[in-house]
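File shown: start_7.cif (mmCIF, N, CA and C atoms and all ligand atoms).
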data_final
#
loop_
_atom_site.label_atom_id
_atom_site.label_comp_id
_atom_site.auth_asym_id
_atom_site.auth_seq_id
_atom_site.Cartn_x
_atom_site.Cartn_y
_atom_site.Cartn_z
N MET A 1 -43.04 -69.59 -5.15
CA MET A 1 -41.71 -68.98 -5.15
C MET A 1 -40.97 -69.34 -3.86
N LYS A 2 -39.72 -69.61 -4.05
CA LYS A 2 -38.95 -69.96 -2.86
C LYS A 2 -38.71 -68.71 -2.00
N LEU A 3 -38.54 -68.99 -0.78
CA LEU A 3 -38.35 -67.88 0.17
C LEU A 3 -37.13 -67.02 -0.23
N ILE A 4 -36.07 -67.71 -0.63
CA ILE A 4 -34.85 -66.97 -0.99
C ILE A 4 -35.09 -66.01 -2.15
N SER A 5 -35.89 -66.41 -3.12
CA SER A 5 -36.19 -65.52 -4.25
C SER A 5 -37.07 -64.37 -3.80
N LYS A 6 -38.01 -64.66 -2.85
CA LYS A 6 -38.87 -63.58 -2.34
C LYS A 6 -38.02 -62.50 -1.66
N ILE A 7 -37.08 -62.97 -0.84
CA ILE A 7 -36.20 -62.01 -0.13
C ILE A 7 -35.39 -61.22 -1.15
N PHE A 8 -34.90 -61.93 -2.14
CA PHE A 8 -34.09 -61.27 -3.16
C PHE A 8 -34.91 -60.18 -3.87
N LEU A 9 -36.15 -60.54 -4.21
CA LEU A 9 -37.02 -59.58 -4.90
C LEU A 9 -37.31 -58.36 -4.03
N LEU A 10 -37.57 -58.66 -2.74
CA LEU A 10 -37.88 -57.58 -1.80
C LEU A 10 -36.69 -56.62 -1.69
N VAL A 11 -35.51 -57.18 -1.54
CA VAL A 11 -34.32 -56.36 -1.43
C VAL A 11 -34.13 -55.55 -2.72
N PHE A 12 -34.36 -56.21 -3.82
CA PHE A 12 -34.22 -55.55 -5.12
C PHE A 12 -35.20 -54.38 -5.24
N TYR A 13 -36.45 -54.63 -4.81
CA TYR A 13 -37.49 -53.61 -4.89
C TYR A 13 -37.12 -52.40 -4.02
N ILE A 14 -36.69 -52.71 -2.78
CA ILE A 14 -36.35 -51.61 -1.87
C ILE A 14 -35.20 -50.77 -2.44
N SER A 15 -34.19 -51.46 -2.93
CA SER A 15 -33.04 -50.70 -3.44
C SER A 15 -33.43 -49.87 -4.65
N LEU A 16 -34.28 -50.41 -5.47
CA LEU A 16 -34.71 -49.69 -6.68
C LEU A 16 -35.54 -48.48 -6.30
N HIS A 17 -36.49 -48.73 -5.39
CA HIS A 17 -37.40 -47.67 -4.96
C HIS A 17 -36.62 -46.55 -4.27
N GLY A 18 -35.75 -46.98 -3.37
CA GLY A 18 -34.94 -46.01 -2.64
C GLY A 18 -34.12 -45.16 -3.58
N SER A 19 -33.54 -45.77 -4.59
CA SER A 19 -32.64 -45.00 -5.45
C SER A 19 -33.41 -44.00 -6.30
N CYS A 20 -34.67 -44.30 -6.60
CA CYS A 20 -35.45 -43.34 -7.39
C CYS A 20 -35.69 -42.05 -6.64
N ALA A 21 -36.10 -42.22 -5.37
CA ALA A 21 -36.50 -41.03 -4.63
C ALA A 21 -35.32 -40.29 -4.02
N ASN A 22 -34.32 -41.02 -3.57
CA ASN A 22 -33.30 -40.38 -2.76
C ASN A 22 -31.93 -40.25 -3.41
N ASP A 23 -31.78 -40.83 -4.55
CA ASP A 23 -30.44 -40.76 -5.14
C ASP A 23 -30.08 -39.30 -5.42
N PRO A 24 -29.10 -38.78 -4.70
CA PRO A 24 -28.78 -37.35 -4.86
C PRO A 24 -28.30 -37.02 -6.27
N THR A 25 -27.71 -37.98 -6.93
CA THR A 25 -27.19 -37.65 -8.27
C THR A 25 -28.33 -37.37 -9.24
N GLU A 26 -29.51 -37.89 -8.93
CA GLU A 26 -30.63 -37.65 -9.85
C GLU A 26 -31.32 -36.33 -9.58
N THR A 27 -31.37 -35.94 -8.30
CA THR A 27 -32.11 -34.73 -7.97
C THR A 27 -31.24 -33.47 -8.00
N GLN A 28 -29.93 -33.63 -7.70
CA GLN A 28 -29.08 -32.44 -7.64
C GLN A 28 -28.56 -32.03 -9.01
N GLN A 29 -28.31 -30.75 -9.11
CA GLN A 29 -27.67 -30.25 -10.33
C GLN A 29 -26.23 -30.76 -10.37
N PRO A 30 -25.71 -30.97 -11.53
CA PRO A 30 -24.29 -31.34 -11.57
C PRO A 30 -23.44 -30.22 -10.97
N ILE A 31 -22.38 -30.62 -10.26
CA ILE A 31 -21.54 -29.61 -9.60
C ILE A 31 -20.89 -28.74 -10.66
N GLN A 32 -21.13 -27.44 -10.52
CA GLN A 32 -20.56 -26.53 -11.51
C GLN A 32 -19.22 -26.01 -11.03
N LYS A 33 -18.35 -25.80 -11.96
CA LYS A 33 -17.04 -25.25 -11.61
C LYS A 33 -17.25 -23.78 -11.24
N GLN A 34 -16.88 -23.45 -10.02
CA GLN A 34 -17.14 -22.08 -9.60
C GLN A 34 -15.95 -21.18 -9.90
N GLU A 35 -16.26 -19.98 -10.30
CA GLU A 35 -15.21 -18.99 -10.56
C GLU A 35 -14.76 -18.41 -9.22
N LEU A 36 -13.46 -18.28 -9.03
CA LEU A 36 -12.99 -17.62 -7.82
C LEU A 36 -13.17 -16.12 -7.99
N PRO A 37 -13.47 -15.43 -6.88
CA PRO A 37 -13.58 -13.97 -7.02
C PRO A 37 -12.21 -13.39 -7.36
N PRO A 38 -12.17 -12.27 -8.06
CA PRO A 38 -10.87 -11.71 -8.41
C PRO A 38 -10.08 -11.34 -7.16
N ARG A 39 -8.78 -11.54 -7.18
CA ARG A 39 -7.96 -11.23 -6.01
C ARG A 39 -7.76 -9.72 -5.90
N ILE A 40 -7.85 -9.26 -4.68
CA ILE A 40 -7.57 -7.84 -4.47
C ILE A 40 -6.20 -7.78 -3.82
N THR A 41 -5.25 -7.28 -4.53
CA THR A 41 -3.90 -7.28 -3.99
C THR A 41 -3.51 -5.88 -3.54
N VAL A 42 -2.78 -5.87 -2.46
CA VAL A 42 -2.27 -4.61 -1.92
C VAL A 42 -0.80 -4.53 -2.33
N PRO A 43 -0.37 -3.39 -2.88
CA PRO A 43 1.03 -3.28 -3.25
C PRO A 43 1.93 -3.55 -2.03
N ARG A 44 3.12 -4.11 -2.30
CA ARG A 44 3.98 -4.57 -1.21
C ARG A 44 4.34 -3.46 -0.23
N ASP A 45 4.65 -2.27 -0.72
CA ASP A 45 5.06 -1.20 0.19
C ASP A 45 3.92 -0.84 1.15
N GLU A 46 2.71 -0.76 0.61
CA GLU A 46 1.55 -0.44 1.44
C GLU A 46 1.28 -1.58 2.43
N ALA A 47 1.47 -2.81 1.96
CA ALA A 47 1.24 -3.98 2.83
C ALA A 47 2.22 -3.95 4.00
N LEU A 48 3.49 -3.62 3.72
CA LEU A 48 4.50 -3.57 4.80
C LEU A 48 4.14 -2.47 5.80
N PHE A 49 3.66 -1.34 5.29
CA PHE A 49 3.27 -0.22 6.15
C PHE A 49 2.12 -0.64 7.07
N ARG A 50 1.22 -1.42 6.52
CA ARG A 50 0.08 -1.87 7.33
C ARG A 50 0.47 -2.98 8.29
N GLN A 51 1.16 -4.00 7.75
CA GLN A 51 1.47 -5.18 8.55
C GLN A 51 2.36 -4.86 9.74
N ASN A 52 3.22 -3.87 9.57
CA ASN A 52 4.13 -3.55 10.66
C ASN A 52 3.54 -2.55 11.65
N GLY A 53 2.26 -2.27 11.49
CA GLY A 53 1.56 -1.47 12.48
C GLY A 53 1.69 0.03 12.30
N CYS A 54 2.44 0.47 11.30
CA CYS A 54 2.60 1.92 11.09
C CYS A 54 1.21 2.55 10.95
N GLU A 55 0.37 1.86 10.21
CA GLU A 55 -0.97 2.40 9.94
C GLU A 55 -1.77 2.62 11.22
N SER A 56 -1.60 1.71 12.19
CA SER A 56 -2.43 1.82 13.40
C SER A 56 -2.16 3.11 14.15
N CYS A 57 -0.94 3.58 14.13
CA CYS A 57 -0.64 4.84 14.83
C CYS A 57 -0.68 6.04 13.88
N HIS A 58 -0.14 5.85 12.70
CA HIS A 58 0.01 7.00 11.78
C HIS A 58 -1.17 7.18 10.84
N GLY A 59 -2.06 6.19 10.79
CA GLY A 59 -3.20 6.28 9.88
C GLY A 59 -2.85 5.75 8.51
N LYS A 60 -3.88 5.40 7.79
CA LYS A 60 -3.70 4.79 6.48
C LYS A 60 -2.88 5.66 5.54
N TYR A 61 -3.11 6.95 5.62
CA TYR A 61 -2.39 7.86 4.72
C TYR A 61 -1.39 8.74 5.46
N GLY A 62 -1.02 8.32 6.68
CA GLY A 62 0.02 9.02 7.41
C GLY A 62 -0.39 10.31 8.08
N SER A 63 -1.69 10.61 8.07
CA SER A 63 -2.13 11.90 8.61
C SER A 63 -2.05 11.95 10.14
N GLY A 64 -2.04 10.78 10.76
CA GLY A 64 -2.02 10.75 12.23
C GLY A 64 -3.41 10.87 12.84
N ASP A 65 -4.42 10.91 11.99
CA ASP A 65 -5.80 10.98 12.51
C ASP A 65 -6.27 9.58 12.88
N THR A 66 -5.73 9.06 13.96
CA THR A 66 -6.11 7.71 14.38
C THR A 66 -6.75 7.77 15.75
N THR A 67 -7.43 6.70 16.10
CA THR A 67 -8.05 6.68 17.43
C THR A 67 -6.96 6.72 18.49
N GLU A 68 -5.81 6.06 18.17
CA GLU A 68 -4.68 6.08 19.12
C GLU A 68 -4.31 7.53 19.44
N ASN A 69 -4.30 8.34 18.42
CA ASN A 69 -3.92 9.73 18.60
C ASN A 69 -5.04 10.51 19.29
N ALA A 70 -6.27 10.23 18.87
CA ALA A 70 -7.41 10.94 19.45
C ALA A 70 -7.50 10.65 20.96
N ASP A 71 -7.11 9.44 21.35
CA ASP A 71 -7.15 9.08 22.77
C ASP A 71 -5.99 9.72 23.54
N ARG A 72 -5.19 10.51 22.84
CA ARG A 72 -4.04 11.20 23.43
C ARG A 72 -3.09 10.23 24.12
N LYS A 73 -2.86 9.11 23.46
CA LYS A 73 -1.93 8.14 24.02
C LYS A 73 -0.49 8.61 23.86
N PHE A 74 -0.29 9.55 22.97
CA PHE A 74 1.07 9.99 22.68
C PHE A 74 1.29 11.41 23.19
N PRO A 75 2.20 11.56 24.14
CA PRO A 75 2.37 12.88 24.76
C PRO A 75 2.72 13.97 23.76
N ASN A 76 3.51 13.64 22.73
CA ASN A 76 3.89 14.68 21.76
C ASN A 76 2.98 14.67 20.53
N GLY A 77 1.95 13.86 20.57
CA GLY A 77 1.09 13.75 19.39
C GLY A 77 1.77 12.91 18.32
N ILE A 78 1.09 12.74 17.22
CA ILE A 78 1.67 11.99 16.12
C ILE A 78 1.87 12.94 14.96
N PRO A 79 3.09 12.97 14.41
CA PRO A 79 3.32 13.89 13.30
C PRO A 79 2.50 13.49 12.08
N ASP A 80 2.14 14.50 11.31
CA ASP A 80 1.46 14.25 10.04
C ASP A 80 2.56 13.92 9.03
N LEU A 81 2.68 12.65 8.68
CA LEU A 81 3.78 12.23 7.81
C LEU A 81 3.64 12.79 6.39
N ARG A 82 2.49 13.40 6.09
CA ARG A 82 2.30 13.99 4.76
C ARG A 82 2.95 15.37 4.68
N ASN A 83 3.19 15.94 5.89
CA ASN A 83 3.69 17.31 5.94
C ASN A 83 5.16 17.33 6.34
N LYS A 84 6.02 17.63 5.37
CA LYS A 84 7.47 17.60 5.62
C LYS A 84 7.88 18.48 6.79
N LYS A 85 7.14 19.58 6.99
CA LYS A 85 7.51 20.53 8.05
C LYS A 85 7.32 19.93 9.44
N GLU A 86 6.51 18.89 9.54
CA GLU A 86 6.26 18.31 10.86
C GLU A 86 7.32 17.30 11.29
N TYR A 87 8.23 16.97 10.39
CA TYR A 87 9.24 15.97 10.73
C TYR A 87 10.32 16.60 11.61
N LYS A 88 10.53 16.01 12.78
CA LYS A 88 11.58 16.52 13.66
C LYS A 88 12.91 15.85 13.37
N TYR A 89 12.86 14.68 12.74
CA TYR A 89 14.07 13.87 12.57
C TYR A 89 14.46 13.71 11.11
N GLY A 90 13.91 14.57 10.26
CA GLY A 90 14.28 14.54 8.84
C GLY A 90 13.25 13.82 7.99
N SER A 91 13.00 14.40 6.81
CA SER A 91 11.94 13.84 5.96
C SER A 91 12.49 13.19 4.69
N SER A 92 13.83 13.01 4.64
CA SER A 92 14.42 12.39 3.45
C SER A 92 14.34 10.87 3.57
N LEU A 93 14.66 10.21 2.46
CA LEU A 93 14.63 8.74 2.46
C LEU A 93 15.54 8.16 3.53
N SER A 94 16.78 8.70 3.60
CA SER A 94 17.73 8.13 4.57
C SER A 94 17.32 8.46 6.00
N ALA A 95 16.80 9.68 6.22
CA ALA A 95 16.38 10.06 7.58
C ALA A 95 15.21 9.21 8.05
N ILE A 96 14.24 8.99 7.16
CA ILE A 96 13.07 8.19 7.54
C ILE A 96 13.49 6.73 7.78
N SER A 97 14.40 6.24 6.92
CA SER A 97 14.90 4.87 7.12
C SER A 97 15.53 4.74 8.50
N LYS A 98 16.31 5.75 8.86
CA LYS A 98 16.98 5.74 10.17
C LYS A 98 15.96 5.74 11.30
N THR A 99 14.91 6.59 11.15
CA THR A 99 13.86 6.65 12.19
C THR A 99 13.20 5.28 12.34
N ILE A 100 12.92 4.65 11.20
CA ILE A 100 12.25 3.34 11.27
C ILE A 100 13.19 2.31 11.93
N ARG A 101 14.45 2.31 11.48
CA ARG A 101 15.41 1.32 11.99
C ARG A 101 15.65 1.49 13.49
N ASN A 102 15.89 2.73 13.92
CA ASN A 102 16.30 2.96 15.32
C ASN A 102 15.15 3.38 16.23
N GLY A 103 14.01 3.77 15.65
CA GLY A 103 12.92 4.28 16.46
C GLY A 103 13.30 5.64 17.04
N ILE A 104 12.42 6.16 17.87
CA ILE A 104 12.73 7.43 18.55
C ILE A 104 12.68 7.12 20.05
N PRO A 105 13.84 7.20 20.71
CA PRO A 105 13.90 6.79 22.12
C PRO A 105 12.86 7.49 22.99
N ASN A 106 12.35 6.78 23.94
CA ASN A 106 11.36 7.28 24.91
C ASN A 106 10.07 7.75 24.27
N THR A 107 9.75 7.24 23.09
CA THR A 107 8.44 7.51 22.50
C THR A 107 7.85 6.17 22.06
N GLN A 108 6.63 6.23 21.59
CA GLN A 108 5.99 5.00 21.13
C GLN A 108 6.52 4.56 19.77
N MET A 109 7.33 5.39 19.15
CA MET A 109 7.93 5.03 17.87
C MET A 109 9.10 4.09 18.15
N ARG A 110 8.80 2.81 18.10
CA ARG A 110 9.82 1.84 18.51
C ARG A 110 10.74 1.48 17.34
N PRO A 111 11.91 0.92 17.66
CA PRO A 111 12.81 0.53 16.56
C PRO A 111 12.31 -0.70 15.81
N TYR A 112 12.61 -0.70 14.52
CA TYR A 112 12.22 -1.84 13.68
C TYR A 112 13.48 -2.54 13.17
N GLN A 113 14.37 -2.86 14.12
CA GLN A 113 15.65 -3.45 13.73
C GLN A 113 15.52 -4.88 13.20
N HIS A 114 14.39 -5.51 13.51
CA HIS A 114 14.20 -6.90 13.05
C HIS A 114 13.91 -6.96 11.54
N LEU A 115 13.55 -5.82 10.97
CA LEU A 115 13.24 -5.82 9.53
C LEU A 115 14.53 -5.84 8.71
N LYS A 116 14.39 -6.37 7.49
CA LYS A 116 15.55 -6.34 6.60
C LYS A 116 15.75 -4.90 6.11
N GLU A 117 16.97 -4.58 5.77
CA GLU A 117 17.28 -3.23 5.30
C GLU A 117 16.41 -2.87 4.09
N GLU A 118 16.22 -3.84 3.24
CA GLU A 118 15.41 -3.63 2.02
C GLU A 118 13.95 -3.32 2.39
N GLU A 119 13.45 -3.98 3.42
CA GLU A 119 12.06 -3.74 3.85
C GLU A 119 11.92 -2.34 4.44
N ILE A 120 12.92 -1.94 5.23
CA ILE A 120 12.91 -0.60 5.83
C ILE A 120 12.88 0.45 4.72
N LYS A 121 13.71 0.24 3.72
CA LYS A 121 13.79 1.19 2.61
C LYS A 121 12.46 1.25 1.84
N THR A 122 11.86 0.08 1.67
CA THR A 122 10.58 0.03 0.96
C THR A 122 9.51 0.82 1.72
N ILE A 123 9.49 0.66 3.04
CA ILE A 123 8.51 1.40 3.85
C ILE A 123 8.83 2.90 3.80
N ALA A 124 10.12 3.23 3.91
CA ALA A 124 10.52 4.65 3.89
C ALA A 124 10.11 5.30 2.56
N LYS A 125 10.26 4.55 1.48
CA LYS A 125 9.85 5.09 0.17
C LYS A 125 8.35 5.31 0.14
N TYR A 126 7.63 4.43 0.80
CA TYR A 126 6.18 4.57 0.87
C TYR A 126 5.80 5.84 1.63
N VAL A 127 6.56 6.11 2.71
CA VAL A 127 6.32 7.34 3.48
C VAL A 127 6.57 8.56 2.59
N LEU A 128 7.59 8.47 1.74
CA LEU A 128 7.85 9.57 0.80
C LEU A 128 6.66 9.77 -0.14
N GLU A 129 6.03 8.66 -0.53
CA GLU A 129 4.83 8.76 -1.38
C GLU A 129 3.71 9.48 -0.63
N LEU A 130 3.61 9.20 0.68
CA LEU A 130 2.56 9.84 1.48
C LEU A 130 2.76 11.35 1.52
N GLN A 131 4.05 11.77 1.47
CA GLN A 131 4.34 13.21 1.51
C GLN A 131 3.75 13.93 0.30
N LYS A 132 3.54 13.17 -0.78
CA LYS A 132 3.02 13.80 -2.00
C LYS A 132 1.51 13.99 -1.95
N ILE A 133 0.87 13.37 -0.96
CA ILE A 133 -0.60 13.41 -0.93
C ILE A 133 -1.10 14.83 -0.71
N ARG A 134 -0.41 15.56 0.16
CA ARG A 134 -0.94 16.88 0.51
C ARG A 134 -0.75 17.91 -0.59
C1 LIG A 201 2.74 2.63 18.55
C2 LIG A 201 2.58 3.73 17.61
C3 LIG A 201 3.50 3.86 16.44
C4 LIG A 201 3.83 2.91 15.51
C5 LIG A 201 3.35 1.47 15.44
C6 LIG A 201 4.69 3.55 14.56
N1 LIG A 201 4.90 4.84 14.92
FE1 LIG A 201 6.00 6.17 13.91
N2 LIG A 201 5.77 7.49 15.42
C7 LIG A 201 4.93 7.34 16.50
C8 LIG A 201 5.03 8.51 17.35
C9 LIG A 201 4.25 8.74 18.64
C10 LIG A 201 5.96 9.37 16.76
C11 LIG A 201 6.41 10.74 17.26
C12 LIG A 201 7.52 10.55 18.23
C13 LIG A 201 7.93 11.88 18.83
O1 LIG A 201 7.33 12.25 19.80
O2 LIG A 201 8.79 12.52 18.25
C14 LIG A 201 6.39 8.70 15.52
C15 LIG A 201 7.32 9.21 14.64
C16 LIG A 201 7.60 8.69 13.40
C17 LIG A 201 8.43 9.31 12.39
C18 LIG A 201 9.28 10.54 12.61
C19 LIG A 201 8.63 11.81 12.17
C20 LIG A 201 9.54 12.95 12.57
O3 LIG A 201 9.14 13.74 13.44
O4 LIG A 201 10.66 13.05 12.01
C21 LIG A 201 8.38 8.54 11.28
C22 LIG A 201 9.07 8.79 9.95
C23 LIG A 201 7.53 7.41 11.60
N3 LIG A 201 7.07 7.54 12.89
C24 LIG A 201 7.24 6.39 10.73
C25 LIG A 201 6.71 5.17 11.17
C26 LIG A 201 6.69 3.99 10.35
C27 LIG A 201 7.14 3.89 8.91
C28 LIG A 201 6.17 2.98 11.13
C29 LIG A 201 6.03 1.53 10.80
C30 LIG A 201 7.24 0.83 10.41
C31 LIG A 201 5.82 3.59 12.41
N4 LIG A 201 6.17 4.90 12.39
C32 LIG A 201 5.22 2.93 13.46
C33 LIG A 201 4.13 6.26 16.75
C34 LIG A 201 4.20 5.08 16.07
#
Any chance you could put this one into structure tokens?
Ligand code: HEC
Amino acid sequence: MKLISKIFLLVFYISLHGSCANDPTETQQPIQKQELPPRITVPRDEALFRQNGCESCHGKYGSGDTTENADRKFPNGIPDLRNKKEYKYGSSLSAISKTIRNGIPNTQMRPYQHLKEEEIKTIAKYVLELQKIR
């Protein structure tokens, strides 16, 4: 046999042998189409309440039972937004919208003037929902 044919055979043997043992397509399972987990969506009003930080001070359900409050960071405490009687600046939709828009001067309740009017109203409506919890 000519040398060139010997080399050819050797290369052929190696490639054949290699592909038997290591070819991933032979040993691996075919890639299965994976199902995505179901999406967990948060309603928009609740999302706005959370994203804008209301939750961090007022708590998830507006009770004011937050670590911020427990640490006594707020000299006047945090009102329980579920309890209409605790509102000093009005508990109606328009009053709450005004509080959110303008904030309460000299307190940690800062103004949210950068929000769109529609967003403020959506958050205020959410606060009204919190009032129903109690
Ligand atoms: C950094 C903490 C902080 C954040 C963030 C915050 N608040 Fe407040 N909020 C306060 C404090 C403190 C008061 C009470 C101020 C005072 O002493 O009267 C207050 C008061 C209020 C009041 C008035 C209650 C009343 O007495 O009439 C409303 C309504 C309110 N917050 C809603 C919100 C909403 C909605 C958001 C998000 C858009 C928000 N707050 C974000 C700390 C915060």
* To do: Enumerate residues in contact with ligand LIG 201 (chain A): an atom-to-atom distance of at most 5 Å, counting all atoms listed in the file. Format the result as a PyMOL selection string.
  => chain A and resi 52-54+57+76-79+86-90+96+108-109
* To do: May I ask for the distance between atom CA of A:Gly64 and atom C of A:Ile40, given in Å to one decimal place?
  =>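 Computing the Euclidean distance for atom CA of A:Gly64 and atom C of A:Ile40 yields 24.9 Å.
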* **atom CA of A:Ile133 to atom CA of A:Arg82, distance in Å rounded to a single decimal** =>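 For atom CA of A:Ile133 relative to atom CA of A:Arg82, the distance reads 6.4 Å.
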For A:Glu46: contacts at 12 Å, only C-alpha atoms, fewer than 5 positions along chain excluded, given as a compact mmCIF listing (two decimals) with N, CA and C atoms, in the coordinates of the input:
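Below you can see result.txt, which holds the result:
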# COMPACT_ATOMS: atom_id res chain seq x y z
N THR A 41 -5.25 -7.28 -4.53
CA THR A 41 -3.90 -7.28 -3.99
C THR A 41 -3.51 -5.88 -3.54
N GLN A 51 1.16 -4.00 7.75
CA GLN A 51 1.47 -5.18 8.55
C GLN A 51 2.36 -4.86 9.74
N ASN A 52 3.22 -3.87 9.57
CA ASN A 52 4.13 -3.55 10.66
C ASN A 52 3.54 -2.55 11.65
N GLY A 53 2.26 -2.27 11.49
CA GLY A 53 1.56 -1.47 12.48
C GLY A 53 1.69 0.03 12.30
N CYS A 54 2.44 0.47 11.30
CA CYS A 54 2.60 1.92 11.09
C CYS A 54 1.21 2.55 10.95
N GLU A 55 0.37 1.86 10.21
CA GLU A 55 -0.97 2.40 9.94
C GLU A 55 -1.77 2.62 11.22
N GLY A 59 -2.06 6.19 10.79
CA GLY A 59 -3.20 6.28 9.88
C GLY A 59 -2.85 5.75 8.51
N LYS A 60 -3.88 5.40 7.79
CA LYS A 60 -3.70 4.79 6.48
C LYS A 60 -2.88 5.66 5.54
N TYR A 61 -3.11 6.95 5.62
CA TYR A 61 -2.39 7.86 4.72
C TYR A 61 -1.39 8.74 5.46
N GLY A 62 -1.02 8.32 6.68
CA GLY A 62 0.02 9.02 7.41
C GLY A 62 -0.39 10.31 8.08
N GLU A 119 13.45 -3.98 3.42
CA GLU A 119 12.06 -3.74 3.85
C GLU A 119 11.92 -2.34 4.44
N THR A 122 11.86 0.08 1.67
CA THR A 122 10.58 0.03 0.96
C THR A 122 9.51 0.82 1.72
N ILE A 123 9.49 0.66 3.04
CA ILE A 123 8.51 1.40 3.85
C ILE A 123 8.83 2.90 3.80
N ALA A 124 10.12 3.23 3.91
CA ALA A 124 10.52 4.65 3.89
C ALA A 124 10.11 5.30 2.56
N LYS A 125 10.26 4.55 1.48
CA LYS A 125 9.85 5.09 0.17
C LYS A 125 8.35 5.31 0.14
N TYR A 126 7.63 4.43 0.80
CA TYR A 126 6.18 4.57 0.87
C TYR A 126 5.80 5.84 1.63
N VAL A 127 6.56 6.11 2.71
CA VAL A 127 6.32 7.34 3.48
C VAL A 127 6.57 8.56 2.59
N LEU A 128 7.59 8.47 1.74
CA LEU A 128 7.85 9.57 0.80
C LEU A 128 6.66 9.77 -0.14
N GLU A 129 6.03 8.66 -0.53
CA GLU A 129 4.83 8.76 -1.38
C GLU A 129 3.71 9.48 -0.63
N LEU A 130 3.61 9.20 0.68
CA LEU A 130 2.56 9.84 1.48
C LEU A 130 2.76 11.35 1.52
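Here atom N of A:Pro75 and atom CA of A:Thr107 stand 7.6 Å from one another.
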* To do: Go through stretch 59-134 of chain A and collect every residue that DSSP, computed from the backbone, puts in helix (DSSP H, G or I); the answer should be as a ChimeraX atom specification.
  => /A:67-70,84-86,93-102,117-131
* **stretch 110-118 of chain A environment, 6.5 Å, all atoms listed in the file, sequence neighbours closer than 6 positions dropped, as a PyMOL selection string** => chain A and resi 99-104
